[in-house]
>>> print(open('query-v3.cif').read())   # mmCIF, C-alpha atoms and all ligand atoms
data_structure
loop_
_atom_site.label_atom_id
_atom_site.label_comp_id
_atom_site.auth_asym_id
_atom_site.auth_seq_id
_atom_site.Cartn_x
_atom_site.Cartn_y
_atom_site.Cartn_z
CA MET A 231 6.12 -27.26 -17.77
CA GLU A 232 7.00 -24.85 -15.01
CA ARG A 233 8.44 -21.33 -15.31
CA THR A 234 10.83 -19.58 -12.93
CA LEU A 235 12.21 -16.06 -12.68
CA ILE A 236 16.00 -15.89 -12.60
CA LEU A 237 17.96 -12.67 -12.02
CA ILE A 238 21.66 -12.13 -12.55
CA LYS A 239 22.24 -9.63 -9.77
CA PRO A 240 24.47 -6.53 -10.08
CA ASP A 241 27.57 -8.39 -8.81
CA GLY A 242 27.13 -11.07 -11.48
CA VAL A 243 26.86 -8.41 -14.19
CA GLN A 244 29.81 -6.34 -12.87
CA ARG A 245 32.01 -9.43 -12.62
CA GLY A 246 31.38 -10.44 -16.21
CA LEU A 247 29.44 -13.59 -15.33
CA ILE A 248 26.35 -13.03 -17.53
CA GLY A 249 27.44 -15.57 -20.15
CA GLU A 250 28.61 -18.07 -17.53
CA VAL A 251 25.30 -17.96 -15.64
CA ILE A 252 23.13 -18.13 -18.76
CA GLY A 253 25.28 -21.00 -20.06
CA ARG A 254 24.67 -23.07 -16.96
CA PHE A 255 20.88 -22.84 -17.21
CA GLU A 256 21.06 -23.40 -20.96
CA ARG A 257 23.31 -26.46 -20.66
CA ARG A 258 21.14 -27.87 -17.88
CA GLY A 259 18.37 -28.10 -20.48
CA LEU A 260 16.01 -25.38 -19.30
CA ARG A 261 14.42 -23.37 -22.12
CA LEU A 262 14.70 -19.57 -22.18
CA VAL A 263 11.34 -17.85 -22.70
CA GLY A 264 12.14 -14.24 -21.73
CA MET A 265 15.15 -12.02 -21.06
CA LYS A 266 15.95 -8.36 -20.45
CA PHE A 267 18.93 -6.25 -19.34
CA MET A 268 17.66 -3.55 -17.02
CA GLN A 269 18.22 -1.29 -14.05
CA MET A 270 15.97 -2.23 -11.15
CA SER A 271 14.18 0.71 -9.51
CA ARG A 272 13.93 0.89 -5.73
CA GLU A 273 10.16 0.52 -6.12
CA LEU A 274 10.51 -2.74 -8.03
CA ALA A 275 13.17 -3.95 -5.57
CA MET A 276 10.85 -3.33 -2.61
CA ARG A 277 8.05 -5.25 -4.35
CA HIS A 278 10.36 -8.10 -5.34
CA TYR A 279 11.73 -8.48 -1.81
CA ALA A 280 8.53 -7.52 0.09
CA ALA A 281 8.67 -10.82 2.02
CA HIS A 282 11.98 -9.69 3.59
CA GLU A 283 10.80 -6.22 4.65
CA GLY A 284 11.66 -5.56 8.30
CA LYS A 285 14.63 -7.96 8.38
CA PRO A 286 17.99 -6.43 9.39
CA PHE A 287 19.54 -7.06 5.98
CA PHE A 288 16.60 -5.55 4.04
CA PRO A 289 18.00 -1.99 3.50
CA GLY A 290 21.36 -3.43 2.38
CA LEU A 291 19.58 -5.88 0.09
CA ILE A 292 17.66 -3.05 -1.62
CA ASP A 293 20.90 -1.03 -2.04
CA TYR A 294 22.68 -4.09 -3.46
CA ILE A 295 20.01 -5.16 -5.94
CA THR A 296 19.59 -1.58 -7.26
CA SER A 297 23.35 -0.83 -7.35
CA GLY A 298 23.78 -1.59 -11.06
CA PRO A 299 22.12 -3.30 -13.99
CA ILE A 300 20.74 -6.81 -13.78
CA VAL A 301 19.61 -9.47 -16.24
CA ALA A 302 16.05 -10.74 -15.71
CA MET A 303 15.11 -14.04 -17.32
CA VAL A 304 12.34 -16.60 -17.38
CA TRP A 305 13.38 -20.22 -17.82
CA GLU A 306 10.99 -23.08 -18.47
CA GLY A 307 11.12 -26.83 -17.96
CA LYS A 308 9.84 -29.74 -15.91
CA GLN A 309 10.42 -28.79 -12.24
CA ALA A 310 12.18 -25.64 -13.46
CA ILE A 311 11.90 -23.91 -10.06
CA ALA A 312 13.64 -26.64 -8.07
CA VAL A 313 16.12 -27.44 -10.83
CA ALA A 314 17.15 -23.79 -11.14
CA ARG A 315 17.68 -23.49 -7.39
CA LYS A 316 19.88 -26.61 -7.41
CA THR A 317 21.89 -25.13 -10.27
CA MET A 318 22.25 -21.86 -8.29
CA GLY A 319 23.28 -23.48 -5.01
CA ILE A 320 22.02 -22.54 -1.58
CA THR A 321 21.61 -18.94 -0.40
CA ARG A 322 24.84 -18.72 1.64
CA PRO A 323 27.64 -19.21 -0.89
CA ALA A 324 30.19 -20.31 1.71
CA GLU A 325 27.97 -23.37 2.26
CA ALA A 326 26.98 -23.88 -1.39
CA GLU A 327 28.29 -26.97 -3.14
CA PRO A 328 31.10 -26.59 -5.68
CA GLY A 329 29.62 -27.03 -9.14
CA THR A 330 26.77 -24.67 -8.35
CA ILE A 331 26.80 -21.02 -9.46
CA ARG A 332 27.05 -19.69 -5.90
CA GLY A 333 29.47 -22.46 -4.88
CA ASP A 334 31.79 -21.66 -7.79
CA PHE A 335 31.64 -17.86 -7.96
CA ALA A 336 30.57 -16.35 -4.62
CA LEU A 337 31.56 -16.15 -0.97
CA GLU A 338 29.03 -13.90 0.79
CA VAL A 339 25.25 -14.05 1.17
CA GLY A 340 24.97 -10.36 0.32
CA ARG A 341 26.85 -10.92 -2.98
CA ASN A 342 25.41 -14.21 -4.18
CA ILE A 343 25.17 -13.52 -7.93
CA VAL A 344 21.72 -14.92 -8.74
CA HIS A 345 18.08 -14.95 -7.72
CA GLY A 346 15.63 -17.77 -8.44
CA SER A 347 11.97 -18.10 -7.51
CA ASP A 348 11.34 -20.44 -4.58
CA GLY A 349 7.91 -21.90 -5.40
CA PRO A 350 5.10 -21.92 -7.98
CA GLU A 351 3.22 -19.01 -6.37
CA SER A 352 6.25 -16.74 -5.99
CA ALA A 353 7.40 -17.69 -9.50
CA ALA A 354 4.09 -16.62 -11.06
CA GLY A 355 4.13 -13.35 -9.10
CA GLU A 356 7.79 -12.62 -9.87
CA VAL A 357 7.50 -13.39 -13.59
CA ALA A 358 4.57 -10.94 -13.76
CA LEU A 359 6.62 -8.27 -11.93
CA TYR A 360 9.27 -8.23 -14.67
CA PHE A 361 7.53 -9.38 -17.85
CA SER A 362 4.28 -8.69 -19.66
CA PRO A 363 2.71 -11.77 -21.32
CA GLU A 364 3.79 -10.50 -24.79
CA GLU A 365 7.41 -10.44 -23.68
CA LEU A 366 7.42 -14.19 -23.04
CA VAL A 367 7.98 -16.42 -26.05
CA ASP A 368 6.23 -19.76 -26.50
CA TRP A 369 8.48 -21.84 -28.68
CA ALA A 370 9.48 -25.42 -29.34
CA ARG A 371 13.19 -26.15 -29.34
CA GLU A 372 14.63 -28.64 -31.84
CA THR A 373 16.44 -30.44 -29.01
CA ASP A 374 13.44 -30.69 -26.67
CA ARG A 375 12.89 -34.38 -27.45
CA TRP A 376 16.50 -35.10 -26.42
CA ILE A 377 15.98 -33.32 -23.09
CA PHE A 378 12.39 -34.06 -22.09
CA GLU A 379 11.00 -37.64 -22.11
P1 LIG B 1 17.38 -16.87 -1.94
O1 LIG B 1 17.92 -15.73 -2.79
O2 LIG B 1 18.32 -18.05 -1.97
O3 LIG B 1 15.97 -17.25 -2.25
P2 LIG B 1 16.37 -15.57 0.47
O4 LIG B 1 16.41 -16.13 1.84
O5 LIG B 1 15.05 -15.48 -0.22
O6 LIG B 1 17.43 -16.37 -0.41
O7 LIG B 1 17.01 -14.11 0.57
C1 LIG B 1 16.93 -13.23 -0.53
C2 LIG B 1 18.26 -12.55 -0.71
O8 LIG B 1 18.49 -11.68 0.39
C3 LIG B 1 19.48 -13.48 -0.73
O9 LIG B 1 19.72 -14.06 -1.99
C4 LIG B 1 20.58 -12.54 -0.33
O10 LIG B 1 20.99 -11.73 -1.45
C5 LIG B 1 19.88 -11.64 0.67
N1 LIG B 1 20.08 -12.12 2.03
C6 LIG B 1 19.43 -13.11 2.68
N2 LIG B 1 19.88 -13.28 3.92
C7 LIG B 1 20.83 -12.34 4.10
C8 LIG B 1 21.68 -11.97 5.20
O11 LIG B 1 21.66 -12.57 6.28
N3 LIG B 1 22.55 -10.93 4.98
C9 LIG B 1 22.61 -10.25 3.80
N4 LIG B 1 21.83 -10.57 2.74
C10 LIG B 1 20.96 -11.59 2.89
MG MG B 2 14.20 -16.20 -1.97
#
>>> encode(input="query-v3.cif", output="structure tokens", more="lines below")
Ligand code: IDP
Ligand code: MG
Amino acid sequence: MERTLILIKPDGVQRGLIGEVIGRFERRGLRLVGMKFMQMSRELAMRHYAAHEGKPFFPGLIDYITSGPIVAMVWEGKQAIAVARKTMGITRPAEAEPGTIRGDFALEVGRNIVHGSDGPESAAGEVALYFSPEELVDWARETDRWIFE
């Protein structure tokens, strides 16, 4: 099983899409193992997006991601990282497929609703940025045998 960090960004929260976004990951079959509603500090934002420091959009990205509350979640499943990114759609919403979160609800790259880890290393680092080990719940779901072979 793989774990991935998913954020509902401030635009997703402000637009009332928390339930919609959670529902899509839930219906896909991923298993929720951690969740919190929080305000991201600039310090956390800079750490989260450290890989983008120096890029022209970086200051705007930090302003955007700290502009209101977010929902931080950890979802688990086989190939959870890749599956979550498919469910989100590609980074630029204008090019994202309909049926994806970004393809259904967003138009601009700087307002693209969700974040998802992009690989096993970044996922482990990002999960640890937002959650302590005690905040993540190991549990078996009654429907797991209908979702996982
Ligand atoms: P990802 O969120 O799909 O992994 P990344 O390339 O890692 O995409 O970029 C991180 C975030 O930075 C994007 O989701 C988006 O919010 C923002 N971003 C990326 N490129 C641009 C840009 O060209 N203009 C404005 N914001 C951008
Ligand atoms: Mg990324």
>>> residues_around(input="query-v3.cif", residues="Lys308 in chain A", least_positions_apart="3", cutoff="9 Å", atoms="all atoms listed in the file", output="VMD selection string")
chain A and resid 231 to 233 260 311 313 378
>>> closest_residue(input="query-v3.cif", among="A:Ile248, A:Val301, A:Ile320, A:Met276", to="ligand MG 2 (chain B)", atoms="all atoms listed in the file")
A:Ile320
>>> closest_residue(input="query-v3.cif", among="A:Asp374, A:Glu351, A:Glu338, A:Glu327", to="Glu306 in chain A", atoms="only C-alpha atoms")
A:Asp374
>>> closest_residue(input="query-v3.cif", among="A:Ile295, A:Ala326, A:Ala370, A:Val357", to="Gly340 in chain A", atoms="only C-alpha atoms")
A:Ile295
>>> residues_around(input="query-v3.cif", residues="Val367 in chain A", least_positions_apart="3", cutoff="12 Å", atoms="all atoms listed in the file", output="mmCIF file with C-alpha atoms, in the frame of the given file")
data_model
loop_
_atom_site.group_PDB
_atom_site.id
_atom_site.type_symbol
_atom_site.label_atom_id
_atom_site.label_comp_id
_atom_site.auth_asym_id
_atom_site.auth_seq_id
_atom_site.Cartn_x
_atom_site.Cartn_y
_atom_site.Cartn_z
ATOM 1 C CA ARG A 233 8.440 -21.330 -15.310
ATOM 2 C CA ARG A 261 14.420 -23.370 -22.120
ATOM 3 C CA LEU A 262 14.700 -19.570 -22.180
ATOM 4 C CA VAL A 263 11.340 -17.850 -22.700
ATOM 5 C CA GLY A 264 12.140 -14.240 -21.730
ATOM 6 C CA MET A 265 15.150 -12.020 -21.060
ATOM 7 C CA MET A 303 15.110 -14.040 -17.320
ATOM 8 C CA VAL A 304 12.340 -16.600 -17.380
ATOM 9 C CA TRP A 305 13.380 -20.220 -17.820
ATOM 10 C CA GLU A 306 10.990 -23.080 -18.470
ATOM 11 C CA PHE A 361 7.530 -9.380 -17.850
ATOM 12 C CA SER A 362 4.280 -8.690 -19.660
ATOM 13 C CA PRO A 363 2.710 -11.770 -21.320
ATOM 14 C CA GLU A 364 3.790 -10.500 -24.790
ATOM 15 C CA ALA A 370 9.480 -25.420 -29.340
ATOM 16 C CA ARG A 371 13.190 -26.150 -29.340
#
>>> closest_residue(input="query-v3.cif", among="A:Ala281, A:Met270, A:Ile252, A:Ile292", to="ligand MG 2 (chain B)", atoms="all atoms listed in the file")
A:Ala281
>>> residues_near_ligand(input="query-v3.cif", ligand="ligand MG 2 (chain B)", cutoff="8 Å", atoms="all atoms listed in the file", output="list in words")
His345, Gly346, Ser347 and Asp348 of chain A
>>> write_last_selection(input="query-v3.cif", atoms="C-alpha atoms", output="mmCIF file, in the coordinates of the input")
data_model
loop_
_atom_site.group_PDB
_atom_site.id
_atom_site.type_symbol
_atom_site.label_atom_id
_atom_site.label_comp_id
_atom_site.auth_asym_id
_atom_site.auth_seq_id
_atom_site.Cartn_x
_atom_site.Cartn_y
_atom_site.Cartn_z
ATOM 1 C CA HIS A 345 18.080 -14.950 -7.720
ATOM 2 C CA GLY A 346 15.630 -17.770 -8.440
ATOM 3 C CA SER A 347 11.970 -18.100 -7.510
ATOM 4 C CA ASP A 348 11.340 -20.440 -4.580
#
>>> residues_around(input="query-v3.cif", residues="Pro323 in chain A", least_positions_apart="3", cutoff="9 Å", atoms="only C-alpha atoms", output="ChimeraX atom specification")
/A:319-320,326-327,331-339,341-342
>>> closest_residue(input="query-v3.cif", among="A:Asp241, A:Glu273, A:Glu379, A:Glu250", to="ligand LIG 1 (chain B)", atoms="all atoms listed in the file")
A:Asp241
>>> closest_residue(input="query-v3.cif", among="A:Pro328, A:Phe288, A:Glu372, A:Thr317", to="ligand LIG 1 (chain B)", atoms="all atoms listed in the file")
A:Phe288
>>> atom_distance(input="query-v3.cif", atom1="atom O8 of ligand LIG 1 (chain B)", atom2="CA of Tyr360 in chain A")
18.0 Å
>>> atom_distance(input="query-v3.cif", atom1="CA of Gly298 in chain A", atom2="CA of Glu356 in chain A")
19.5 Å
